[in-house]
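K.L.:
I am sharing final_6.pdb, which consists of PDB, C-alpha atoms:
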ATOM      1  CA  GLN A 218       7.507 -30.593  -3.123
ATOM      2  CA  VAL A 219       6.912 -26.928  -2.369
ATOM      3  CA  GLN A 220       8.174 -24.440  -4.914
ATOM      4  CA  LEU A 221       7.970 -20.662  -4.798
ATOM      5  CA  VAL A 222       8.982 -18.724  -7.892
ATOM      6  CA  GLU A 223       9.220 -14.942  -7.891
ATOM      7  CA  SER A 224       8.993 -12.764 -10.969
ATOM      8  CA  GLY A 225       8.415  -9.164 -11.924
ATOM      9  CA  GLY A 226      11.607  -7.618 -10.668
ATOM     10  CA  GLY A 227      13.758  -5.347 -12.764
ATOM     11  CA  LEU A 228      14.913  -1.798 -13.129
ATOM     12  CA  ALA A 229      12.636   1.096 -12.214
ATOM     13  CA  GLN A 230      13.106   4.807 -11.843
ATOM     14  CA  ALA A 231      12.498   6.555  -8.564
ATOM     15  CA  GLY A 232       8.795   7.272  -8.267
ATOM     16  CA  GLY A 233       7.928   4.345 -10.503
ATOM     17  CA  SER A 234       6.067   1.127  -9.842
ATOM     18  CA  LEU A 235       6.612  -2.609 -10.077
ATOM     19  CA  ARG A 236       4.455  -5.593  -9.322
ATOM     20  CA  LEU A 237       6.114  -8.729  -8.094
ATOM     21  CA  SER A 238       4.536 -12.157  -8.339
ATOM     22  CA  CYS A 239       5.165 -15.318  -6.376
ATOM     23  CA  ALA A 240       3.822 -18.474  -7.985
ATOM     24  CA  ALA A 241       3.459 -21.293  -5.497
ATOM     25  CA  SER A 242       3.098 -25.011  -6.023
ATOM     26  CA  GLY A 243       2.967 -27.954  -3.689
ATOM     27  CA  LEU A 244       1.091 -26.058  -0.985
ATOM     28  CA  SER A 245      -2.370 -27.017   0.209
ATOM     29  CA  PHE A 246      -3.524 -23.403   0.492
ATOM     30  CA  ARG A 247      -5.737 -24.252   3.418
ATOM     31  CA  ALA A 248      -3.577 -23.044   6.266
ATOM     32  CA  TYR A 249      -0.639 -21.032   5.134
ATOM     33  CA  ASN A 250       0.770 -17.629   5.669
ATOM     34  CA  MET A 251       2.837 -16.228   2.856
ATOM     35  CA  GLY A 252       5.096 -13.259   3.054
ATOM     36  CA  TRP A 253       7.442 -10.940   1.227
ATOM     37  CA  PHE A 254      10.907 -10.050   2.439
ATOM     38  CA  ARG A 255      13.802  -8.183   0.896
ATOM     39  CA  GLN A 256      17.530  -8.214   1.399
ATOM     40  CA  ALA A 257      19.918  -5.515   0.297
ATOM     41  CA  PRO A 258      23.681  -6.103   0.108
ATOM     42  CA  GLY A 259      25.238  -6.037   3.543
ATOM     43  CA  LYS A 260      21.890  -5.757   5.289
ATOM     44  CA  GLU A 261      19.653  -8.137   7.183
ATOM     45  CA  ARG A 262      16.604  -9.655   5.584
ATOM     46  CA  GLU A 263      13.666  -7.315   6.109
ATOM     47  CA  PHE A 264      10.038  -8.322   6.442
ATOM     48  CA  LEU A 265       7.665  -6.381   4.189
ATOM     49  CA  ALA A 266       4.202  -7.897   4.125
ATOM     50  CA  SER A 267       2.215 -11.063   4.686
ATOM     51  CA  VAL A 268      -1.126 -12.635   3.889
ATOM     52  CA  ASN A 269      -3.018 -15.352   5.726
ATOM     53  CA  TRP A 270      -4.012 -17.338   2.692
ATOM     54  CA  ARG A 271      -7.592 -18.447   3.296
ATOM     55  CA  PRO A 272      -9.101 -15.514   5.134
ATOM     56  CA  GLY A 273      -6.995 -13.181   3.031
ATOM     57  CA  SER A 274      -6.076 -10.969   5.953
ATOM     58  CA  THR A 275      -2.974  -8.952   5.256
ATOM     59  CA  TYR A 276      -0.310  -7.081   7.118
ATOM     60  CA  VAL A 277       2.192  -4.578   5.768
ATOM     61  CA  ALA A 278       5.261  -3.400   7.651
ATOM     62  CA  ASN A 279       5.243   0.234   8.715
ATOM     63  CA  SER A 280       8.432   0.838   6.756
ATOM     64  CA  VAL A 281       6.601   0.361   3.434
ATOM     65  CA  LYS A 282       2.977   0.946   4.405
ATOM     66  CA  GLY A 283       1.227   3.251   1.990
ATOM     67  CA  ARG A 284       3.566   2.305  -0.860
ATOM     68  CA  PHE A 285       3.452  -1.512  -0.928
ATOM     69  CA  THR A 286       0.313  -3.635  -1.160
ATOM     70  CA  ILE A 287       0.113  -7.408  -0.811
ATOM     71  CA  SER A 288      -2.582  -9.539  -2.407
ATOM     72  CA  ARG A 289      -3.202 -13.076  -3.541
ATOM     73  CA  ASP A 290      -5.127 -14.962  -6.193
ATOM     74  CA  ILE A 291      -6.324 -18.264  -4.803
ATOM     75  CA  ALA A 292      -7.223 -19.710  -8.201
ATOM     76  CA  ALA A 293      -3.794 -18.872  -9.605
ATOM     77  CA  ASN A 294      -1.926 -19.920  -6.466
ATOM     78  CA  THR A 295      -0.078 -16.631  -6.736
ATOM     79  CA  MET A 296       0.801 -13.856  -4.339
ATOM     80  CA  TYR A 297       1.591 -10.329  -5.429
ATOM     81  CA  LEU A 298       3.429  -7.309  -4.116
ATOM     82  CA  GLN A 299       2.433  -4.039  -5.736
ATOM     83  CA  MET A 300       5.074  -1.394  -5.162
ATOM     84  CA  VAL A 301       4.554   2.274  -5.972
ATOM     85  CA  SER A 302       6.521   5.459  -5.363
ATOM     86  CA  LEU A 303       9.707   3.435  -5.471
ATOM     87  CA  LYS A 304      12.864   4.855  -3.915
ATOM     88  CA  PRO A 305      16.524   4.001  -4.515
ATOM     89  CA  GLU A 306      16.627   2.511  -1.025
ATOM     90  CA  ASP A 307      14.074  -0.079  -2.167
ATOM     91  CA  THR A 308      16.846  -1.685  -4.214
ATOM     92  CA  ALA A 309      17.214  -5.264  -2.995
ATOM     93  CA  VAL A 310      16.525  -8.883  -3.755
ATOM     94  CA  TYR A 311      12.872  -9.548  -3.013
ATOM     95  CA  LEU A 312      11.915 -12.979  -1.736
ATOM     96  CA  CYS A 313       8.629 -14.685  -1.086
ATOM     97  CA  ALA A 314       8.158 -17.236   1.649
ATOM     98  CA  ALA A 315       5.539 -19.625   2.985
ATOM     99  CA  ALA A 316       4.808 -20.738   6.532
ATOM    100  CA  GLU A 317       3.052 -24.085   6.660
ATOM    101  CA  GLY A 318      -0.014 -24.299   8.849
ATOM    102  CA  ALA A 319       0.414 -20.754  10.096
ATOM    103  CA  TYR A 320      -1.934 -17.892  10.816
ATOM    104  CA  PHE A 321      -0.336 -14.690  12.016
ATOM    105  CA  GLY A 322      -2.322 -11.911  13.639
ATOM    106  CA  SER A 323      -1.777  -8.219  13.213
ATOM    107  CA  SER A 324       0.414  -8.016  16.307
ATOM    108  CA  HIS A 325       2.792 -10.760  15.205
ATOM    109  CA  ASP A 326       6.480  -9.895  15.223
ATOM    110  CA  TYR A 327       7.537 -11.226  11.846
ATOM    111  CA  THR A 328      10.961 -12.715  11.311
ATOM    112  CA  GLU A 329      12.406 -14.987   8.668
ATOM    113  CA  ILE A 330      12.391 -17.931  11.059
ATOM    114  CA  ASP A 331       8.579 -17.920  10.874
ATOM    115  CA  TYR A 332       8.812 -19.285   7.312
ATOM    116  CA  ASP A 333       9.508 -22.796   6.098
ATOM    117  CA  TYR A 334       9.886 -22.312   2.359
ATOM    118  CA  TRP A 335      11.597 -19.642   0.297
ATOM    119  CA  GLY A 336      11.840 -18.634  -3.319
ATOM    120  CA  GLN A 337      15.105 -17.774  -5.027
ATOM    121  CA  GLY A 338      14.339 -14.071  -5.135
ATOM    122  CA  THR A 339      13.967 -11.419  -7.799
ATOM    123  CA  GLN A 340      16.186  -8.358  -8.074
ATOM    124  CA  VAL A 341      14.639  -4.903  -7.874
ATOM    125  CA  THR A 342      16.850  -1.958  -8.729
ATOM    126  CA  VAL A 343      15.572   1.595  -8.393
ATOM    127  CA  SER A 344      17.568   4.349 -10.023
ATOM    128  CA  SER A 345      17.510   7.949  -8.854
TER     129      SER A 345
END
Mind turning the file's structure into structure tokens?

P.N.:
Amino acid sequence: QVQLVESGGGLAQAGGSLRLSCAASGLSFRAYNMGWFRQAPGKEREFLASVNWRPGSTYVANSVKGRFTISRDIAANTMYLQMVSLKPEDTAVYLCAAAEGAYFGSSHDYTEIDYDYWGQGTQVTVSS
């Protein structure tokens, strides 16, 4: 059974930083893409970043490029999202997701339907 558990959310001031973690279990970690999304109240789920697990190739959406960095630790079966220079508009529930048997190239148009498994999410609130 696949489980994804996010942690690291909380309250931050504008300009501050947070690092989110996504601990995964039940995945083979041989052919997966994992990604980060966020959803603010009344808004659609927004793709942020992804990593092709074994080669480690990453992609970050233009909307957060330069502020958000995605990484993974194979030994720990954990994916991370480092967020710096946070803004109030970054306030949302942040979710991690896994796509079984997937490899997405840099030109891929990411949507939530690409992903098979989802975590419950972790709240990030940025105060001005």

K.L.:
Starting from the shown file, work through the PyMOL selection byres ((chain A and resi 307) around 10) and note down what comes out as a PyMOL selection string.

P.N.:
chain A and resi 231+255-257+281+300+302-306+308-311+341-344

K.L.:
How big is the axis-aligned box around the listed atoms of range 341-345 of chain A once 3 Å is added on each side, and where is its centre? Give both in Å to one decimal, as JSON.

P.N.:
{"center_x": 16.1, "center_y": 1.5, "center_z": -8.9, "size_x": 8.9, "size_y": 18.9, "size_z": 8.1}

K.L.:
Please tell me which residues are no farther than 8 Å from (10.2, -24.4, -4.8) in the file, counting all atoms listed in the file, and write them as an MDAnalysis selection string.

P.N.:
chainID A and resid 218:222 241:242 334:336

K.L.:
Quick one: distance from CA of Ser224 in chain A to CA of Asn279 in chain A in Å, one decimal?

P.N.:
23.9 Å

K.L.:
Using all atoms listed in the file, which residue out of A:Ser280, A:Ser267, A:Asn250, A:Ser288 lies closest to Arg236 in chain A?

P.N.:
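Closest to Arg236 in chain A of all the choices is A:Ser288.
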
K.L.:
So which residues fall inside 10 Å of (-5.9, -13.2, -0.8) if we count all atoms listed in the file? Mind giving them as an NGL selection string?

P.N.:
:A and (251 or 268-275 or 287-292 or 294-297)

K.L.:
Which one is closest to Gly322 in chain A: A:Val277, A:Ser345, A:Gln337, A:Arg262? Count only C-alpha atoms.

P.N.:
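With only C-alpha atoms as the atom set, the closest residue is A:Val277.
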
K.L.:
Would you write out, as a list of chain:residue names, every residue that the PyMOL selection byres ((chain A and resi 319) around 7) captures in this file?

P.N.:
A:Ala248, A:Tyr249, A:Asn250, A:Ala316, A:Glu317, A:Gly318, A:Tyr320, A:Phe321

K.L.:
Identify which of the residues A:Thr328, A:Thr339, A:Gly233, A:Ala293 lies closest to Ala278 in chain A, counting all atoms listed in the file when measuring atom-to-atom distances.

P.N.:
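Under the stated criterion, the closest residue is A:Thr328.
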
K.L.:
Quick one, how far is CA of Lys260 in chain A from CA of His325 in chain A?

P.N.:
22.1 Å

K.L.:
For a test of reading the model, state the distance in Å between CA of Gln299 in chain A and CA of Gln230 in chain A, rounded to one decimal.

P.N.:
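CA of Gln299 in chain A sits 15.1 Å away from CA of Gln230 in chain A.
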
K.L.:
I need the residue nearest Leu312 in chain A from this list: A:Phe264, A:Gly232, A:Lys282, A:Gly243. Use only C-alpha atoms for the distance.

P.N.:
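Nearest candidate to Leu312 in chain A out of A:Phe264, A:Gly232, A:Lys282, A:Gly243: A:Phe264.
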
K.L.:
Between A:Leu244, A:Ser324, A:Leu298, A:Gly226, single out the one closest to Gly338 in chain A, counting only C-alpha atoms.

P.N.:
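The shortest atom-to-atom distance to Gly338 in chain A comes from A:Gly226.
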